[in-house]
Amino acid sequence: MNPFETLRFAVGGLAANKVRSALTMLGVLIGVAAVIILLAVGNGSSQSVKDSIEKLGTNSLTISSGTGFGGGRASSSSSTKPLTVDDARALADPASAPHVKSVAPEVTTSQTAIYQGTSHTVSQVVGTYPAYFEASNSKVDKGDYFSADDVLNSRKVAVIGSTTAADLFGTAAPVGKKVVIGGTPFTVVGVLATKGGTGFQDPDDTVIAPLPTVQNAFTGFGPVSQILVEATSAGATTPAQNEITTVLMGTHGLKDATSLDFQVSSQQSLLSTQSDTNKTFTVLLGAVAAISLLVGGIGITNIMLVTVTERTREIGIRKAIGAPKGVILGQFLAESTLLSLIGGGLGVVAGLIGSHFRIVGIKPVVIPASVWGAFAIAVAIGLFFGSYPANRAASLRPIEALRHE
């Protein structure tokens, strides 16, 4: 029997039990689609976080008080000294830190903003210096930034994010308008370009104002939340980080580099850590989805065993008139492979369609290798899980098969 006849008999065998064949294909379809979509979600999540980090600028460094995660060399310290504006001034000295381009101390709070009766809770009100905009890669879409003179004179001016602007002003132009933030009136001088991103905090829901203005109105003139530093170039982040550590050890009176009360993190270190975390996350999602393929394979085994049992007399007749073992084996293997082949193909289509929709706020990004890989594994599963029923059919003795009721 040539391959075309084997395929024709296999198609006829599947067509004889359309519903059963369709349900078996559905199991494979779900498995393949799950692999493609879940890996796409993992890849999309990784890409989204990567884009958000890169938007902060590849040559920016963040200094925060205390110890913890962030890629710095901070460790446990019994007396933690908070970061201050004086620390920022020390870092801005080119003689002590030649690889530091600009320094922007920050204080942050959350306040309610009101404009003509419309109220909106701003998730992040930042008090800082003009250098913050370049260091954080925050570009103005309308209006302008506030100036160093605004900082020196503690003027009540603010640059707002696109989300804040939309929620407070709607379609009206915000620039030049007065908005009351936490009971203090501010004049909007600029609106930032949309950054976008996913996560618990919207980066576009922000108000940025001169540091002394925010300190006087909301936080007080105490420690700063963190200090944002811009290195002279992306390649200068490592020497800049070393200079920052040396300068702050001096201002904090520290002599042991293993017992720092601050941490310095770069976007590159965050990207590296995030990449490792998301690789693990994506592999985990893929492993979970692969279970669906395994279940589909078990379904193929069960259906093919039932098929062999139902067609035992047919097998006996064919073997009695001279059909060799290889022909019987080939036919049932062809049937199981067709089940996985068609189910896998439909699964690829379903997976690609499903990846066009946002899932839990994440835009899936399809990994091409996952498409071919899932399809190939589905076909391999059909061959593997169909081999036992096919071999069992081919091994039946003709006389016993003919006596089967």
# chains A, B, ... in the order shown; residues from 1 in each chain; ligands from 1

call {"tool": "select_by_dssp", "arguments": {"residues": "range 74-267 of chain A", "states": "helix (DSSP H, G or I)", "output": "ChimeraX atom specification"}}
result
/A:85-91,131-135,148-152,162-169,211-219,234-251,267

call {"tool": "write_last_selection", "arguments": {"atoms": "C-alpha atoms", "output": "PDB file, in the first residue's frame"}}
result
ATOM      1  CA  VAL A  85      19.910  68.201  49.379  1.00  0.00           C
ATOM      2  CA  ASP A  86      23.480  68.640  50.648  1.00  0.00           C
ATOM      3  CA  ASP A  87      24.291  65.177  49.302  1.00  0.00           C
ATOM      4  CA  ALA A  88      22.983  66.266  45.907  1.00  0.00           C
ATOM      5  CA  ARG A  89      25.113  69.429  45.989  1.00  0.00           C
ATOM      6  CA  ALA A  90      28.205  67.350  46.786  1.00  0.00           C
ATOM      7  CA  LEU A  91      27.501  65.056  43.831  1.00  0.00           C
ATOM      8  CA  ALA A 131      17.783  68.445  35.614  1.00  0.00           C
ATOM      9  CA  TYR A 132      15.186  65.793  36.491  1.00  0.00           C
ATOM     10  CA  PHE A 133      13.516  66.068  33.081  1.00  0.00           C
ATOM     11  CA  GLU A 134      16.585  65.169  31.060  1.00  0.00           C
ATOM     12  CA  ALA A 135      17.807  62.538  33.505  1.00  0.00           C
ATOM     13  CA  ALA A 148      16.288  77.033  37.829  1.00  0.00           C
ATOM     14  CA  ASP A 149      14.998  80.533  38.609  1.00  0.00           C
ATOM     15  CA  ASP A 150      11.609  79.020  39.480  1.00  0.00           C
ATOM     16  CA  VAL A 151      13.412  76.733  41.933  1.00  0.00           C
ATOM     17  CA  LEU A 152      15.419  79.577  43.507  1.00  0.00           C
ATOM     18  CA  SER A 162      -0.682  63.430  30.127  1.00  0.00           C
ATOM     19  CA  THR A 163      -3.006  61.309  32.307  1.00  0.00           C
ATOM     20  CA  THR A 164      -3.292  64.066  34.889  1.00  0.00           C
ATOM     21  CA  ALA A 165      -3.979  66.592  32.139  1.00  0.00           C
ATOM     22  CA  ALA A 166      -6.694  64.446  30.562  1.00  0.00           C
ATOM     23  CA  ASP A 167      -8.446  63.721  33.862  1.00  0.00           C
ATOM     24  CA  LEU A 168      -8.409  67.338  35.067  1.00  0.00           C
ATOM     25  CA  PHE A 169      -8.771  69.365  31.880  1.00  0.00           C
ATOM     26  CA  LEU A 211      11.702  71.137  44.985  1.00  0.00           C
ATOM     27  CA  PRO A 212      11.417  73.948  47.611  1.00  0.00           C
ATOM     28  CA  THR A 213       7.816  74.617  46.557  1.00  0.00           C
ATOM     29  CA  VAL A 214       6.776  70.993  47.177  1.00  0.00           C
ATOM     30  CA  GLN A 215       8.794  70.863  50.403  1.00  0.00           C
ATOM     31  CA  ASN A 216       7.168  74.036  51.708  1.00  0.00           C
ATOM     32  CA  ALA A 217       3.643  72.947  50.729  1.00  0.00           C
ATOM     33  CA  PHE A 218       3.651  69.208  51.455  1.00  0.00           C
ATOM     34  CA  THR A 219       6.750  67.332  52.653  1.00  0.00           C
ATOM     35  CA  ALA A 234      25.797  55.528  28.823  1.00  0.00           C
ATOM     36  CA  GLY A 235      29.336  54.172  28.971  1.00  0.00           C
ATOM     37  CA  ALA A 236      30.167  56.369  31.975  1.00  0.00           C
ATOM     38  CA  THR A 237      27.552  54.878  34.312  1.00  0.00           C
ATOM     39  CA  THR A 238      30.032  52.557  36.038  1.00  0.00           C
ATOM     40  CA  PRO A 239      32.666  55.212  36.860  1.00  0.00           C
ATOM     41  CA  ALA A 240      29.865  57.601  37.814  1.00  0.00           C
ATOM     42  CA  GLN A 241      28.470  54.971  40.173  1.00  0.00           C
ATOM     43  CA  ASN A 242      31.894  54.570  41.797  1.00  0.00           C
ATOM     44  CA  GLU A 243      32.251  58.346  42.171  1.00  0.00           C
ATOM     45  CA  ILE A 244      28.791  58.591  43.730  1.00  0.00           C
ATOM     46  CA  THR A 245      29.680  55.911  46.245  1.00  0.00           C
ATOM     47  CA  THR A 246      32.925  57.674  47.186  1.00  0.00           C
ATOM     48  CA  VAL A 247      31.267  61.094  47.561  1.00  0.00           C
ATOM     49  CA  LEU A 248      28.346  59.822  49.642  1.00  0.00           C
ATOM     50  CA  MET A 249      30.619  57.762  51.872  1.00  0.00           C
ATOM     51  CA  GLY A 250      32.346  61.057  52.659  1.00  0.00           C
ATOM     52  CA  THR A 251      29.152  63.038  53.318  1.00  0.00           C
ATOM     53  CA  GLN A 267      18.925  51.208  34.436  1.00  0.00           C
TER      54      GLN A 267
END

call {"tool": "closest_residue", "arguments": {"among": "A:Asp205, A:Glu335, A:Asp93, A:Asp141", "to": "Val126 in chain A", "atoms": "only C-alpha atoms"}}
result
A:Asp205

call {"tool": "residues_around", "arguments": {"residues": "Gly44 in chain A", "least_positions_apart": "3", "cutoff": "8 Å", "atoms": "only C-alpha atoms", "output": "list in words"}}
result
Ala40, Val41, Gln47, Ser48, Ile362, Lys363, Pro364, Val365 and Val366 of chain A

call {"tool": "closest_residue", "arguments": {"among": "A:Val122, A:Ala257, A:Val371, A:Gly361", "to": "Gly196 in chain A", "atoms": "only C-alpha atoms"}}
result
A:Gly361

call {"tool": "decode", "arguments": {"residues": "range 140-158 of chain A", "atoms": "N, CA, C and O atoms", "output": "PDB file, in the first residue's frame"}}
result
ATOM      1  N   VAL A 140       8.657  67.366  27.250  1.00  0.00           N
ATOM      2  CA  VAL A 140       7.449  68.191  27.275  1.00  0.00           C
ATOM      3  C   VAL A 140       6.782  68.181  25.908  1.00  0.00           C
ATOM      4  O   VAL A 140       7.434  68.380  24.878  1.00  0.00           O
ATOM      5  N   ASP A 141       5.485  67.922  25.910  1.00  0.00           N
ATOM      6  CA  ASP A 141       4.721  67.915  24.661  1.00  0.00           C
ATOM      7  C   ASP A 141       4.085  69.279  24.391  1.00  0.00           C
ATOM      8  O   ASP A 141       4.017  69.732  23.254  1.00  0.00           O
ATOM      9  N   LYS A 142       3.650  69.947  25.467  1.00  0.00           N
ATOM     10  CA  LYS A 142       3.039  71.269  25.340  1.00  0.00           C
ATOM     11  C   LYS A 142       3.620  72.171  26.425  1.00  0.00           C
ATOM     12  O   LYS A 142       3.837  71.727  27.551  1.00  0.00           O
ATOM     13  N   GLY A 143       3.833  73.433  26.097  1.00  0.00           N
ATOM     14  CA  GLY A 143       4.377  74.361  27.077  1.00  0.00           C
ATOM     15  C   GLY A 143       5.874  74.209  27.221  1.00  0.00           C
ATOM     16  O   GLY A 143       6.594  73.942  26.257  1.00  0.00           O
ATOM     17  N   ASP A 144       6.374  74.297  28.464  1.00  0.00           N
ATOM     18  CA  ASP A 144       7.819  74.235  28.697  1.00  0.00           C
ATOM     19  C   ASP A 144       8.090  73.696  30.096  1.00  0.00           C
ATOM     20  O   ASP A 144       7.168  73.532  30.909  1.00  0.00           O
ATOM     21  N   TYR A 145       9.361  73.434  30.375  1.00  0.00           N
ATOM     22  CA  TYR A 145       9.771  73.010  31.720  1.00  0.00           C
ATOM     23  C   TYR A 145       9.802  74.230  32.642  1.00  0.00           C
ATOM     24  O   TYR A 145       9.832  75.372  32.175  1.00  0.00           O
ATOM     25  N   PHE A 146       9.834  73.979  33.956  1.00  0.00           N
ATOM     26  CA  PHE A 146      10.115  75.108  34.838  1.00  0.00           C
ATOM     27  C   PHE A 146      11.639  75.291  34.885  1.00  0.00           C
ATOM     28  O   PHE A 146      12.403  74.398  34.509  1.00  0.00           O
ATOM     29  N   SER A 147      12.083  76.442  35.332  1.00  0.00           N
ATOM     30  CA  SER A 147      13.500  76.805  35.244  1.00  0.00           C
ATOM     31  C   SER A 147      14.184  76.783  36.610  1.00  0.00           C
ATOM     32  O   SER A 147      13.540  76.642  37.657  1.00  0.00           O
ATOM     33  N   ALA A 148      15.517  76.946  36.584  1.00  0.00           N
ATOM     34  CA  ALA A 148      16.288  77.033  37.829  1.00  0.00           C
ATOM     35  C   ALA A 148      15.864  78.264  38.626  1.00  0.00           C
ATOM     36  O   ALA A 148      15.883  78.256  39.867  1.00  0.00           O
ATOM     37  N   ASP A 149      15.473  79.333  37.930  1.00  0.00           N
ATOM     38  CA  ASP A 149      14.998  80.533  38.609  1.00  0.00           C
ATOM     39  C   ASP A 149      13.702  80.259  39.361  1.00  0.00           C
ATOM     40  O   ASP A 149      13.471  80.805  40.443  1.00  0.00           O
ATOM     41  N   ASP A 150      12.845  79.404  38.788  1.00  0.00           N
ATOM     42  CA  ASP A 150      11.609  79.020  39.480  1.00  0.00           C
ATOM     43  C   ASP A 150      11.929  78.274  40.770  1.00  0.00           C
ATOM     44  O   ASP A 150      11.233  78.429  41.783  1.00  0.00           O
ATOM     45  N   VAL A 151      12.999  77.469  40.732  1.00  0.00           N
ATOM     46  CA  VAL A 151      13.412  76.733  41.933  1.00  0.00           C
ATOM     47  C   VAL A 151      13.944  77.696  42.983  1.00  0.00           C
ATOM     48  O   VAL A 151      13.575  77.626  44.172  1.00  0.00           O
ATOM     49  N   LEU A 152      14.814  78.625  42.564  1.00  0.00           N
ATOM     50  CA  LEU A 152      15.419  79.577  43.507  1.00  0.00           C
ATOM     51  C   LEU A 152      14.369  80.453  44.182  1.00  0.00           C
ATOM     52  O   LEU A 152      14.496  80.807  45.356  1.00  0.00           O
ATOM     53  N   ASN A 153      13.320  80.778  43.440  1.00  0.00           N
ATOM     54  CA  ASN A 153      12.280  81.662  43.979  1.00  0.00           C
ATOM     55  C   ASN A 153      11.052  80.901  44.490  1.00  0.00           C
ATOM     56  O   ASN A 153      10.037  81.522  44.838  1.00  0.00           O
ATOM     57  N   SER A 154      11.154  79.586  44.526  1.00  0.00           N
ATOM     58  CA  SER A 154      10.062  78.738  45.049  1.00  0.00           C
ATOM     59  C   SER A 154       8.720  79.069  44.411  1.00  0.00           C
ATOM     60  O   SER A 154       7.690  79.198  45.095  1.00  0.00           O
ATOM     61  N   ARG A 155       8.724  79.242  43.103  1.00  0.00           N
ATOM     62  CA  ARG A 155       7.483  79.585  42.420  1.00  0.00           C
ATOM     63  C   ARG A 155       6.536  78.386  42.366  1.00  0.00           C
ATOM     64  O   ARG A 155       6.966  77.233  42.258  1.00  0.00           O
ATOM     65  N   LYS A 156       5.252  78.684  42.381  1.00  0.00           N
ATOM     66  CA  LYS A 156       4.233  77.626  42.377  1.00  0.00           C
ATOM     67  C   LYS A 156       3.827  77.318  40.934  1.00  0.00           C
ATOM     68  O   LYS A 156       2.747  77.671  40.465  1.00  0.00           O
ATOM     69  N   VAL A 157       4.753  76.669  40.250  1.00  0.00           N
ATOM     70  CA  VAL A 157       4.523  76.261  38.863  1.00  0.00           C
ATOM     71  C   VAL A 157       4.693  74.748  38.788  1.00  0.00           C
ATOM     72  O   VAL A 157       5.359  74.140  39.635  1.00  0.00           O
ATOM     73  N   ALA A 158       4.090  74.154  37.774  1.00  0.00           N
ATOM     74  CA  ALA A 158       4.135  72.688  37.682  1.00  0.00           C
ATOM     75  C   ALA A 158       4.068  72.226  36.240  1.00  0.00           C
ATOM     76  O   ALA A 158       3.456  72.874  35.377  1.00  0.00           O
TER      77      ALA A 158
END
